[in-house]
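The data block below is target.cif; it holds mmCIF, C-alpha atoms.
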data_query
loop_
_atom_site.label_atom_id
_atom_site.label_comp_id
_atom_site.auth_asym_id
_atom_site.auth_seq_id
_atom_site.Cartn_x
_atom_site.Cartn_y
_atom_site.Cartn_z
CA MET A 1 -19.53 -21.88 7.94
CA GLY A 2 -21.29 -20.21 5.03
CA ASP A 3 -21.06 -16.44 4.84
CA PRO A 4 -18.39 -14.96 7.08
CA LYS A 5 -19.45 -12.71 9.95
CA ILE A 6 -18.92 -9.09 8.94
CA ILE A 7 -18.44 -6.48 11.65
CA GLU A 8 -18.60 -2.74 10.98
CA VAL A 9 -16.01 -1.43 13.42
CA LYS A 10 -16.24 2.23 14.39
CA GLU A 11 -13.64 4.59 15.74
CA SER A 12 -14.50 6.10 19.11
CA VAL A 13 -13.67 9.73 18.55
CA PHE A 14 -12.79 10.74 22.10
CA ALA A 15 -10.67 7.75 23.02
CA ASP A 16 -7.05 8.07 24.05
CA ASN A 17 -5.74 5.37 21.74
CA ASN A 18 -2.48 4.68 23.56
CA ARG A 19 -4.26 4.19 26.88
CA GLU A 20 -6.91 2.01 25.27
CA ALA A 21 -4.17 -0.06 23.60
CA ASP A 22 -2.25 -0.57 26.85
CA SER A 23 -5.41 -1.60 28.65
CA LEU A 24 -6.36 -4.08 25.90
CA ARG A 25 -2.84 -5.54 25.89
CA LYS A 26 -3.00 -6.03 29.66
CA GLU A 27 -6.32 -7.88 29.39
CA LEU A 28 -4.98 -10.10 26.63
CA LYS A 29 -1.90 -10.87 28.70
CA GLU A 30 -4.16 -11.93 31.59
CA LYS A 31 -6.15 -14.16 29.25
CA GLY A 32 -2.98 -15.58 27.71
CA LEU A 33 -4.18 -14.61 24.22
CA TYR A 34 -1.27 -13.47 22.02
CA LEU A 35 -2.34 -10.88 19.44
CA ILE A 36 -0.33 -10.34 16.26
CA ASN A 37 -1.00 -7.14 14.31
CA LEU A 38 -0.06 -8.11 10.74
CA MET A 39 0.56 -5.18 8.43
CA SER A 40 1.85 -4.70 4.87
CA SER A 41 1.22 -3.21 1.44
CA PRO A 42 -1.84 -4.46 -0.42
CA GLY A 43 -1.11 -7.78 -2.09
CA SER A 44 2.10 -8.69 -0.28
CA GLY A 45 0.64 -11.99 0.89
CA LYS A 46 -0.80 -11.44 4.38
CA THR A 47 -3.67 -13.89 3.89
CA THR A 48 -1.60 -16.53 2.10
CA ILE A 49 1.04 -16.51 4.85
CA LEU A 50 -1.65 -16.67 7.50
CA SER A 51 -3.43 -19.55 5.80
CA ARG A 52 -0.24 -21.61 5.72
CA LEU A 53 0.68 -20.77 9.33
CA ILE A 54 -2.76 -21.80 10.59
CA LYS A 55 -2.62 -25.15 8.79
CA ASP A 56 0.95 -25.90 9.90
CA LEU A 57 0.37 -24.92 13.53
CA ALA A 58 -3.18 -26.26 13.89
CA GLU A 59 -2.26 -29.18 16.12
CA ASP A 60 -0.46 -27.10 18.72
CA ILE A 61 -1.88 -23.60 18.64
CA LYS A 62 -5.53 -22.49 18.50
CA ILE A 63 -5.61 -19.54 16.09
CA ALA A 64 -8.46 -17.13 15.35
CA VAL A 65 -8.36 -14.40 12.73
CA MET A 66 -9.71 -10.88 12.17
CA GLU A 67 -9.56 -9.76 8.56
CA ALA A 68 -9.78 -5.98 8.21
CA ASP A 69 -10.63 -4.32 4.93
CA ILE A 70 -12.46 -1.27 3.71
CA ASP A 71 -14.76 -3.46 1.67
CA SER A 72 -15.31 -7.08 0.54
CA ASP A 73 -15.06 -10.29 2.54
CA VAL A 74 -12.74 -12.19 0.20
CA ASP A 75 -10.03 -12.69 2.83
CA ALA A 76 -12.36 -14.01 5.54
CA ARG A 77 -13.87 -16.41 2.99
CA ARG A 78 -10.40 -17.63 2.02
CA ILE A 79 -9.32 -18.25 5.62
CA ASP A 80 -12.57 -20.09 6.27
CA GLU A 81 -12.36 -22.22 3.13
CA GLU A 82 -8.67 -23.01 3.36
CA THR A 83 -8.27 -23.54 7.10
CA GLY A 84 -11.68 -23.70 8.78
CA ALA A 85 -10.27 -21.39 11.47
CA ARG A 86 -12.52 -19.04 13.40
CA VAL A 87 -12.58 -15.79 11.43
CA VAL A 88 -14.46 -12.50 11.30
CA GLN A 89 -14.29 -9.82 8.64
CA LEU A 90 -13.93 -6.28 9.96
CA HIS A 91 -15.05 -3.39 7.77
CA THR A 92 -13.46 -0.07 8.65
CA GLY A 93 -16.01 2.21 6.95
CA GLY A 94 -13.35 3.66 4.66
CA MET A 95 -10.77 4.06 7.44
CA CYS A 96 -7.15 3.43 6.51
CA HIS A 97 -6.12 1.85 9.81
CA LEU A 98 -7.38 0.18 12.97
CA THR A 99 -7.34 1.70 16.44
CA ALA A 100 -7.28 -0.22 19.71
CA ALA A 101 -11.01 0.45 20.16
CA MET A 102 -11.75 -1.03 16.74
CA THR A 103 -9.55 -4.02 17.54
CA ARG A 104 -11.45 -4.52 20.78
CA GLN A 105 -14.76 -4.56 18.87
CA GLY A 106 -13.29 -7.14 16.53
CA LEU A 107 -12.07 -9.32 19.40
CA GLU A 108 -15.51 -9.19 21.02
CA ALA A 109 -17.12 -10.36 17.77
CA LEU A 110 -14.47 -13.04 17.37
CA SER A 111 -15.03 -14.38 20.93
CA ALA A 112 -11.69 -16.14 21.02
CA GLU A 113 -11.94 -17.32 24.65
CA GLY A 114 -9.66 -20.31 25.09
CA TYR A 115 -7.65 -19.50 21.97
CA ASP A 116 -3.86 -19.10 22.06
CA LEU A 117 -3.33 -16.68 19.22
CA ALA A 118 -5.43 -14.06 17.45
CA VAL A 119 -4.15 -12.45 14.27
CA LEU A 120 -5.39 -9.06 13.15
CA GLU A 121 -4.82 -8.70 9.43
CA ASN A 122 -4.74 -4.91 9.22
CA VAL A 123 -5.76 -2.79 6.20
CA GLY A 124 -3.18 -3.12 3.38
CA ASN A 125 -1.28 0.13 3.88
CA LEU A 126 2.33 0.90 4.83
CA VAL A 127 1.59 4.32 6.30
CA CYS A 128 -1.40 4.82 8.61
CA PRO A 129 -1.66 1.45 10.42
CA ALA A 130 1.88 2.02 11.77
CA GLU A 131 0.67 5.16 13.56
CA PHE A 132 -1.92 3.43 15.74
CA ASP A 133 -1.20 1.01 18.55
CA THR A 134 -3.91 -1.67 18.23
CA GLY A 135 -3.17 -3.21 21.63
CA SER A 136 -1.42 -6.11 19.94
CA SER A 137 1.32 -8.12 21.64
CA ILE A 138 3.56 -7.54 18.63
CA ASN A 139 3.59 -5.81 15.25
CA VAL A 140 4.65 -7.84 12.23
CA THR A 141 5.08 -6.56 8.69
CA ILE A 142 5.57 -8.28 5.35
CA LEU A 143 7.73 -7.04 2.51
CA SER A 144 7.25 -9.01 -0.70
CA VAL A 145 9.99 -9.35 -3.31
CA PRO A 146 8.01 -7.68 -6.17
CA GLU A 147 7.66 -4.50 -4.07
CA GLY A 148 11.41 -3.87 -4.06
CA ASP A 149 14.12 -3.77 -1.41
CA ASP A 150 13.80 0.00 -0.84
CA LYS A 151 10.51 0.04 1.06
CA PRO A 152 12.07 0.56 4.52
CA LEU A 153 13.68 3.74 3.16
CA LYS A 154 10.32 5.16 2.08
CA TYR A 155 8.09 3.99 4.94
CA PRO A 156 10.29 4.41 8.03
CA LEU A 157 7.65 4.24 10.76
CA MET A 158 6.25 0.88 9.64
CA TYR A 159 9.66 -0.71 10.02
CA GLN A 160 10.38 1.10 13.27
CA VAL A 161 7.27 -0.30 14.97
CA CYS A 162 7.63 -3.88 13.70
CA ASP A 163 9.96 -6.28 15.50
CA VAL A 164 9.34 -9.05 12.99
CA VAL A 165 9.64 -8.60 9.22
CA ILE A 166 8.62 -11.40 6.86
CA LEU A 167 10.18 -11.23 3.38
CA ASN A 168 7.61 -13.00 1.19
CA LYS A 169 7.48 -14.33 -2.40
CA MET A 170 11.13 -15.44 -2.18
CA ASP A 171 10.34 -17.94 -4.98
CA THR A 172 10.07 -14.97 -7.38
CA LEU A 173 13.56 -13.65 -6.60
CA PRO A 174 14.87 -14.62 -10.09
CA VAL A 175 12.11 -12.54 -11.74
CA PHE A 176 12.67 -9.25 -9.89
CA ASP A 177 15.54 -6.87 -9.13
CA PHE A 178 15.47 -7.47 -5.38
CA ASP A 179 18.69 -7.52 -3.38
CA LEU A 180 18.09 -9.69 -0.30
CA GLU A 181 21.11 -8.38 1.61
CA LYS A 182 20.18 -4.79 0.79
CA ALA A 183 16.62 -5.46 2.00
CA LYS A 184 17.89 -6.82 5.32
CA GLU A 185 20.23 -3.86 5.67
CA ASN A 186 17.39 -1.40 5.00
CA VAL A 187 15.15 -3.12 7.57
CA HIS A 188 17.89 -3.05 10.20
CA MET A 189 18.61 0.61 9.47
CA ARG A 190 15.07 1.32 10.70
CA ASN A 191 15.00 -1.28 13.48
CA PRO A 192 18.29 -2.95 14.42
CA LYS A 193 16.57 -5.60 16.55
CA ALA A 194 14.01 -6.71 13.93
CA LYS A 195 13.90 -10.45 13.28
CA ILE A 196 13.76 -11.17 9.54
CA PHE A 197 12.20 -14.29 8.03
CA PRO A 198 12.57 -14.82 4.26
CA VAL A 199 9.75 -17.14 3.10
CA SER A 200 7.61 -18.18 0.18
CA ALA A 201 3.98 -18.61 1.20
CA LYS A 202 3.45 -20.34 -2.14
CA THR A 203 6.10 -23.07 -1.77
CA GLY A 204 6.43 -23.15 2.02
CA GLU A 205 10.14 -22.32 1.84
CA GLY A 206 11.44 -20.71 5.05
CA PHE A 207 8.35 -21.40 7.18
CA GLU A 208 10.12 -23.56 9.75
CA PRO A 209 12.03 -20.76 11.52
CA LEU A 210 8.99 -18.48 11.27
CA GLU A 211 6.78 -21.08 12.88
CA ALA A 212 9.37 -21.77 15.58
CA TRP A 213 9.26 -18.07 16.40
CA VAL A 214 5.43 -18.08 16.57
CA ARG A 215 5.43 -21.08 18.95
CA GLU A 216 8.01 -19.45 21.16
CA ALA A 217 6.27 -16.06 21.22
CA VAL A 218 2.88 -17.60 22.06
CA ALA A 219 4.41 -19.71 24.84
CA ALA A 220 6.31 -16.74 26.32
CA TRP A 221 3.12 -14.66 26.38
CA LYS A 222 1.37 -17.27 28.52
CA GLU A 223 4.09 -17.22 31.14
CA ARG A 224 3.20 -15.10 34.15
CA VAL A 225 5.29 -11.96 34.37
CA MET B 1 22.03 17.41 -11.56
CA GLY B 2 23.61 16.12 -8.34
CA ASP B 3 21.38 15.88 -5.30
CA PRO B 4 17.68 16.19 -6.09
CA LYS B 5 15.78 19.15 -4.68
CA ILE B 6 13.84 18.06 -1.61
CA ILE B 7 10.75 20.03 -0.59
CA GLU B 8 9.05 19.59 2.79
CA VAL B 9 5.40 20.13 1.85
CA LYS B 10 3.02 21.09 4.63
CA GLU B 11 -0.71 20.73 4.90
CA SER B 12 -2.55 24.00 5.46
CA VAL B 13 -4.94 23.09 8.22
CA PHE B 14 -7.77 25.49 7.48
CA ALA B 15 -7.90 25.03 3.74
CA ASP B 16 -11.01 23.83 1.95
CA ASN B 17 -9.26 21.16 -0.10
CA ASN B 18 -11.94 20.81 -2.78
CA ARG B 19 -12.01 24.53 -3.47
CA GLU B 20 -8.21 24.71 -3.49
CA ALA B 21 -8.11 21.77 -5.91
CA ASP B 22 -10.63 23.35 -8.29
CA SER B 23 -8.73 26.60 -8.26
CA LEU B 24 -5.39 24.87 -8.95
CA ARG B 25 -6.94 22.84 -11.77
CA LYS B 26 -8.31 26.02 -13.36
CA GLU B 27 -4.88 27.67 -13.25
CA LEU B 28 -3.23 24.62 -14.77
CA LYS B 29 -5.84 24.58 -17.53
CA GLU B 30 -5.06 28.23 -18.31
CA LYS B 31 -1.34 27.43 -18.45
CA GLY B 32 -1.95 24.35 -20.58
CA LEU B 33 -0.09 22.17 -18.07
CA TYR B 34 -1.68 18.72 -17.74
CA LEU B 35 -1.25 17.23 -14.27
CA ILE B 36 -1.44 13.46 -13.70
CA ASN B 37 -1.90 12.27 -10.12
CA LEU B 38 -0.33 8.79 -10.19
CA MET B 39 -1.35 6.56 -7.30
CA SER B 40 -0.85 2.92 -6.33
CA SER B 41 0.32 0.47 -3.68
CA PRO B 42 3.97 0.67 -2.66
CA GLY B 43 6.16 -1.13 -5.19
CA SER B 44 3.66 -1.49 -8.02
CA GLY B 45 5.98 0.29 -10.44
CA LYS B 46 5.02 3.97 -10.48
CA THR B 47 8.60 5.20 -10.98
CA THR B 48 9.53 2.52 -13.51
CA ILE B 49 6.46 3.27 -15.64
CA LEU B 50 7.13 6.98 -15.41
CA SER B 51 10.77 6.59 -16.37
CA ARG B 52 9.84 4.68 -19.52
CA LEU B 53 7.05 7.12 -20.44
CA ILE B 54 9.38 10.10 -20.11
CA LYS B 55 12.03 8.52 -22.33
CA ASP B 56 9.53 7.40 -24.98
CA LEU B 57 7.68 10.73 -25.11
CA ALA B 58 10.68 13.03 -24.66
CA GLU B 59 10.69 14.33 -28.23
CA ASP B 60 7.07 15.45 -28.23
CA ILE B 61 6.07 16.21 -24.65
CA LYS B 62 7.98 18.19 -22.00
CA ILE B 63 7.48 16.28 -18.77
CA ALA B 64 8.37 17.31 -15.20
CA VAL B 65 7.95 15.12 -12.14
CA MET B 66 7.12 15.46 -8.44
CA GLU B 67 8.06 12.40 -6.39
CA ALA B 68 6.21 12.27 -3.08
CA ASP B 69 7.35 10.06 -0.23
CA ILE B 70 7.43 10.12 3.52
CA ASP B 71 11.17 9.76 3.48
CA SER B 72 14.15 9.12 1.13
CA ASP B 73 14.88 10.59 -2.29
CA VAL B 74 15.47 7.33 -4.16
CA ASP B 75 12.70 7.95 -6.70
CA ALA B 76 13.78 11.49 -7.58
CA ARG B 77 17.35 10.24 -8.01
CA ARG B 78 16.16 7.44 -10.31
CA ILE B 79 14.11 9.79 -12.50
CA ASP B 80 17.06 12.16 -12.71
CA GLU B 81 19.59 9.44 -13.53
CA GLU B 82 17.42 7.52 -15.97
CA THR B 83 15.73 10.36 -17.82
CA GLY B 84 17.35 13.69 -16.94
CA ALA B 85 13.83 15.12 -16.58
CA ARG B 86 13.12 18.00 -14.24
CA VAL B 87 12.20 16.44 -10.90
CA VAL B 88 11.66 17.42 -7.27
CA GLN B 89 11.25 15.16 -4.26
CA LEU B 90 8.37 16.06 -1.95
CA HIS B 91 8.49 14.93 1.67
CA THR B 92 5.12 14.78 3.36
CA GLY B 93 6.34 14.85 6.98
CA GLY B 94 4.76 11.45 7.68
CA MET B 95 1.50 12.28 5.88
CA CYS B 96 -0.16 9.44 3.99
CA HIS B 97 -1.49 11.56 1.13
CA LEU B 98 -1.14 14.86 -0.70
CA THR B 99 -3.64 17.70 -0.63
CA ALA B 100 -4.11 20.36 -3.31
CA ALA B 101 -2.18 22.85 -1.16
CA MET B 102 0.75 20.44 -0.90
CA THR B 103 0.62 19.83 -4.64
CA ARG B 104 0.67 23.58 -5.24
CA GLN B 105 3.82 23.89 -3.09
CA GLY B 106 5.38 21.09 -5.13
CA LEU B 107 4.48 22.76 -8.44
CA GLU B 108 5.98 26.04 -7.25
CA ALA B 109 9.24 24.29 -6.40
CA LEU B 110 9.15 22.43 -9.72
CA SER B 111 8.66 25.66 -11.72
CA ALA B 112 7.36 23.81 -14.75
CA GLU B 113 6.52 26.91 -16.80
CA GLY B 114 6.48 25.96 -20.47
CA TYR B 115 6.12 22.25 -19.71
CA ASP B 116 3.27 20.18 -21.18
CA LEU B 117 2.85 17.55 -18.50
CA ALA B 118 3.59 17.33 -14.79
CA VAL B 119 3.27 14.00 -13.01
CA LEU B 120 2.70 13.81 -9.28
CA GLU B 121 3.83 10.43 -8.02
CA ASN B 122 1.71 10.24 -4.86
CA VAL B 123 2.61 8.34 -1.66
CA GLY B 124 2.34 4.57 -2.21
CA ASN B 125 -1.03 3.92 -0.58
CA LEU B 126 -4.35 2.64 -1.94
CA VAL B 127 -6.48 4.29 0.73
CA CYS B 128 -5.81 7.89 1.76
CA PRO B 129 -4.55 9.52 -1.48
CA ALA B 130 -7.89 8.61 -3.11
CA GLU B 131 -9.72 10.79 -0.56
CA PHE B 132 -7.99 14.06 -1.49
CA ASP B 133 -8.39 15.94 -4.75
CA THR B 134 -4.88 17.20 -5.58
CA GLY B 135 -6.07 19.55 -8.31
CA SER B 136 -4.83 17.13 -10.96
CA SER B 137 -6.32 16.96 -14.44
CA ILE B 138 -6.76 13.22 -14.01
CA ASN B 139 -6.21 10.45 -11.48
CA VAL B 140 -4.37 7.34 -12.65
CA THR B 141 -3.74 4.19 -10.64
CA ILE B 142 -1.54 1.15 -11.17
CA LEU B 143 -2.40 -2.41 -10.21
CA SER B 144 0.55 -4.77 -10.54
CA VAL B 145 0.10 -8.49 -11.23
CA PRO B 146 1.81 -9.69 -8.00
CA GLU B 147 -0.74 -7.75 -5.92
CA GLY B 148 -3.63 -9.87 -7.16
CA ASP B 149 -6.76 -9.24 -9.21
CA ASP B 150 -8.96 -8.57 -6.16
CA LYS B 151 -7.63 -5.13 -5.21
CA PRO B 152 -10.60 -3.16 -6.66
CA LEU B 153 -12.86 -5.18 -4.35
CA LYS B 154 -10.91 -4.14 -1.25
CA TYR B 155 -10.05 -0.52 -2.12
CA PRO B 156 -13.21 0.75 -3.83
CA LEU B 157 -12.60 4.51 -3.64
CA MET B 158 -9.21 4.37 -5.37
CA TYR B 159 -10.80 2.71 -8.39
CA GLN B 160 -13.83 5.01 -8.33
CA VAL B 161 -11.71 8.16 -8.58
CA CYS B 162 -9.33 6.87 -11.28
CA ASP B 163 -10.37 7.00 -14.92
CA VAL B 164 -7.19 5.28 -16.08
CA VAL B 165 -5.91 2.01 -14.61
CA ILE B 166 -2.52 0.64 -15.65
CA LEU B 167 -2.06 -3.10 -15.08
CA ASN B 168 1.70 -3.46 -14.62
CA LYS B 169 4.22 -6.34 -14.47
CA MET B 170 2.28 -8.27 -17.14
CA ASP B 171 5.54 -10.13 -17.90
CA THR B 172 5.14 -11.91 -14.54
CA LEU B 173 1.67 -13.26 -15.34
CA PRO B 174 2.97 -16.88 -15.59
CA VAL B 175 4.41 -16.64 -12.06
CA PHE B 176 1.29 -15.42 -10.24
CA ASP B 177 -2.37 -16.41 -9.88
CA PHE B 178 -3.72 -13.30 -11.57
CA ASP B 179 -6.81 -13.49 -13.76
CA LEU B 180 -6.59 -10.63 -16.29
CA GLU B 181 -10.27 -10.78 -17.25
CA LYS B 182 -11.31 -10.88 -13.61
CA ALA B 183 -9.08 -7.88 -12.88
CA LYS B 184 -10.70 -5.87 -15.70
CA GLU B 185 -14.14 -6.90 -14.47
CA ASN B 186 -13.30 -5.81 -10.90
CA VAL B 187 -11.99 -2.44 -12.12
CA HIS B 188 -15.11 -1.84 -14.21
CA MET B 189 -17.34 -2.82 -11.30
CA ARG B 190 -15.92 0.21 -9.47
CA ASN B 191 -15.69 2.51 -12.49
CA PRO B 192 -17.39 1.40 -15.71
CA LYS B 193 -15.72 4.13 -17.80
CA ALA B 194 -12.15 3.40 -16.63
CA LYS B 195 -9.63 2.92 -19.44
CA ILE B 196 -7.39 -0.08 -18.75
CA PHE B 197 -3.84 -0.47 -20.08
CA PRO B 198 -2.04 -3.79 -19.43
CA VAL B 199 1.72 -3.15 -19.65
CA SER B 200 5.13 -4.32 -18.53
CA ALA B 201 7.35 -1.43 -17.54
CA LYS B 202 10.25 -3.88 -17.60
CA THR B 203 9.84 -5.11 -21.20
CA GLY B 204 7.91 -2.18 -22.68
CA GLU B 205 5.00 -4.44 -23.65
CA GLY B 206 1.72 -2.53 -23.99
CA PHE B 207 3.21 0.98 -23.83
CA GLU B 208 2.06 2.08 -27.30
CA PRO B 209 -1.65 2.45 -26.46
CA LEU B 210 -0.79 4.00 -23.09
CA GLU B 211 1.45 6.56 -24.72
CA ALA B 212 -1.15 7.30 -27.39
CA TRP B 213 -3.58 8.05 -24.58
CA VAL B 214 -1.06 10.39 -22.85
CA ARG B 215 -0.45 12.31 -26.09
CA GLU B 216 -4.16 12.67 -26.70
CA ALA B 217 -4.94 13.74 -23.12
CA VAL B 218 -2.15 16.35 -23.07
CA ALA B 219 -3.27 17.75 -26.44
CA ALA B 220 -6.94 17.90 -25.38
CA TRP B 221 -6.00 19.80 -22.19
CA LYS B 222 -4.31 22.53 -24.23
CA GLU B 223 -7.40 23.13 -26.34
CA ARG B 224 -9.42 26.12 -25.18
CA VAL B 225 -12.76 25.12 -23.69
#
Go ahead and express the file in the form of structure tokens.
Amino acid sequence: MGDPKIIEVKESVFADNNREADSLRKELKEKGLYLINLMSSPGSGKTTILSRLIKDLAEDIKIAVMEADIDSDVDARRIDEETGARVVQLHTGGMCHLTAAMTRQGLEALSAEGYDLAVLENVGNLVCPAEFDTGSSINVTILSVPEGDDKPLKYPLMYQVCDVVILNKMDTLPVFDFDLEKAKENVHMRNPKAKIFPVSAKTGEGFEPLEAWVREAVAAWKERV
Amino acid sequence: MGDPKIIEVKESVFADNNREADSLRKELKEKGLYLINLMSSPGSGKTTILSRLIKDLAEDIKIAVMEADIDSDVDARRIDEETGARVVQLHTGGMCHLTAAMTRQGLEALSAEGYDLAVLENVGNLVCPAEFDTGSSINVTILSVPEGDDKPLKYPLMYQVCDVVILNKMDTLPVFDFDLEKAKENVHMRNPKAKIFPVSAKTGEGFEPLEAWVREAVAAWKERV
């Protein structure tokens, strides 16, 4: 598609974010568009995981992507080149997180009518994005092996608000001091009901259960309440 | 020392942070205490680098440490157990960054009179900490190999405000798609005068030039202007 579409999203200062988020979520439910808010540290593999998911699920699920960053469009370019999926790059103007209003602006630019799933790749940051409801159907976070198994201890809110935790870069387990059982325990200390999927976005290891969960979640969202 | 000292640092709402930072920096200059503000993504190796630096420099430089996190005291415990250095744990009450006023509270709790170097290990976050002058003598950031060489493209301000960039986990270069030359180029695009030190905190590779720089910087700070 050539250069990716870049949207400068702006925070609306007077908005009540929680109300805006609830209203957006309701609209998305009516449209049957499932929205995943994907959060993590910088460099934990958000884009690589997403790229593999899109390719694996392409036949069954129509996926569109919003890549949020403070600057650059490297992630939107990657998604476009690797998957051909519909993608827009959101620039936050230096902001460390996305609000529901910003997410709405992104969705409007994305125009994902008729799509099943939209993924918002949030700014790489374990602190601020967790504080703002984006209106997503679910929050998902990634913890990569090189980051260490203690992250849920240091960034409690991120793990409290995420019901799905992907443990990425499992292929590098022999290289790092990362205790898989300890990691799971730390995640569940913050959120006992969190589903945990250990994967390697590089090798594809562990993607089957993760993809089964995505299919199921997207299908459940389309069912009338 | 048993349980590390935990300080709940609070932001003073009305403070002019830049003025507070300049005033703190001036006081530290008069005391001859060099303050490094160490920033990075979560899990890039701030504590491991620090632990090695303290041990290697122990004979020549008296180092005290402030570990900032939203929750937990794992880093302060590690520094204490591995190095025996004077250390306090700062809790930010959910805050994503430290201000100069918070740093001052940490320094008061640390009581590092007669020390040569204090290191503030900031909250793991590539966005917000870069926006607040802590009053430090210098800002240092770490980019670890697993995070990818594109981080300076996505988090411009962090690289603009840091004059020293440590590239960590160099021992894992064979495992990841990380282009060292590209990484240096991306850093220098944001800050042409940034000094870059490729190291492995695990193996000790590359620490000699980094430690030579620390010695030099600490000595220069003690010289009267």
Exercise. Counting only C-alpha atoms, what is within 12 Å of Gly204 in chain B, bar same-chain residues fewer than 5 positions away, as a ChimeraX atom specification?
Worked result: /B:48-53,55-56,168-171,198-199,209-211
Problem set entry | Residues selected by the PyMOL selection byres ((chain A) within 7 of (chain B)), written as a PyMOL selection string | chain A and resi 41-44+69-72+96+125+127-128+146-148+153-155
For this session: Find the spatial neighbours of Glu81 in chain A, counting all atoms listed in the file, within a cut-off of 12 Å - ignore same-chain residues fewer than 2 positions away - and output them as a PyMOL selection string.
Result: chain A and resi 1-4+51+55+74-79+83-87
Problem set entry | Resolved residues for the PyMOL selection byres ((chain B and resi 110) around 12) as JSON, numbers by chain | {"B": [4, 5, 6, 7, 63, 64, 65, 66, 67, 85, 86, 87, 88, 89, 90, 103, 104, 105, 106, 107, 108, 109, 111, 112, 113, 114, 115, 117, 118, 119, 120]}
Problem set entry | Selection as number ranges by chain: residues within 6 Å of (-0.1, -17.2, 24.6), counting all atoms listed in the file | A: 32-34, 116, 218-219, 221-222
Problem set entry | d(CA of Leu38 in chain A, CA of Pro174 in chain A) in Å |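 Between CA of Leu38 in chain A and CA of Pro174 in chain A the gap is 26.4 Å.
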Problem set entry | CA of Ser23 in chain B to CA of Ala101 in chain B, distance in Å rounded to a single decimal |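 Spanning CA of Ser23 in chain B to CA of Ala101 in chain B is a straight-line distance of 10.4 Å.
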Exercise. With all atoms listed in the file as the basis for distance, which of A:Met102, A:Ala183, A:Ala194, A:Met158 is at the shortest distance from Ala130 in chain A?
Worked result: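 Residue with the minimum atom-to-atom distance to Ala130 in chain A: A:Met158.
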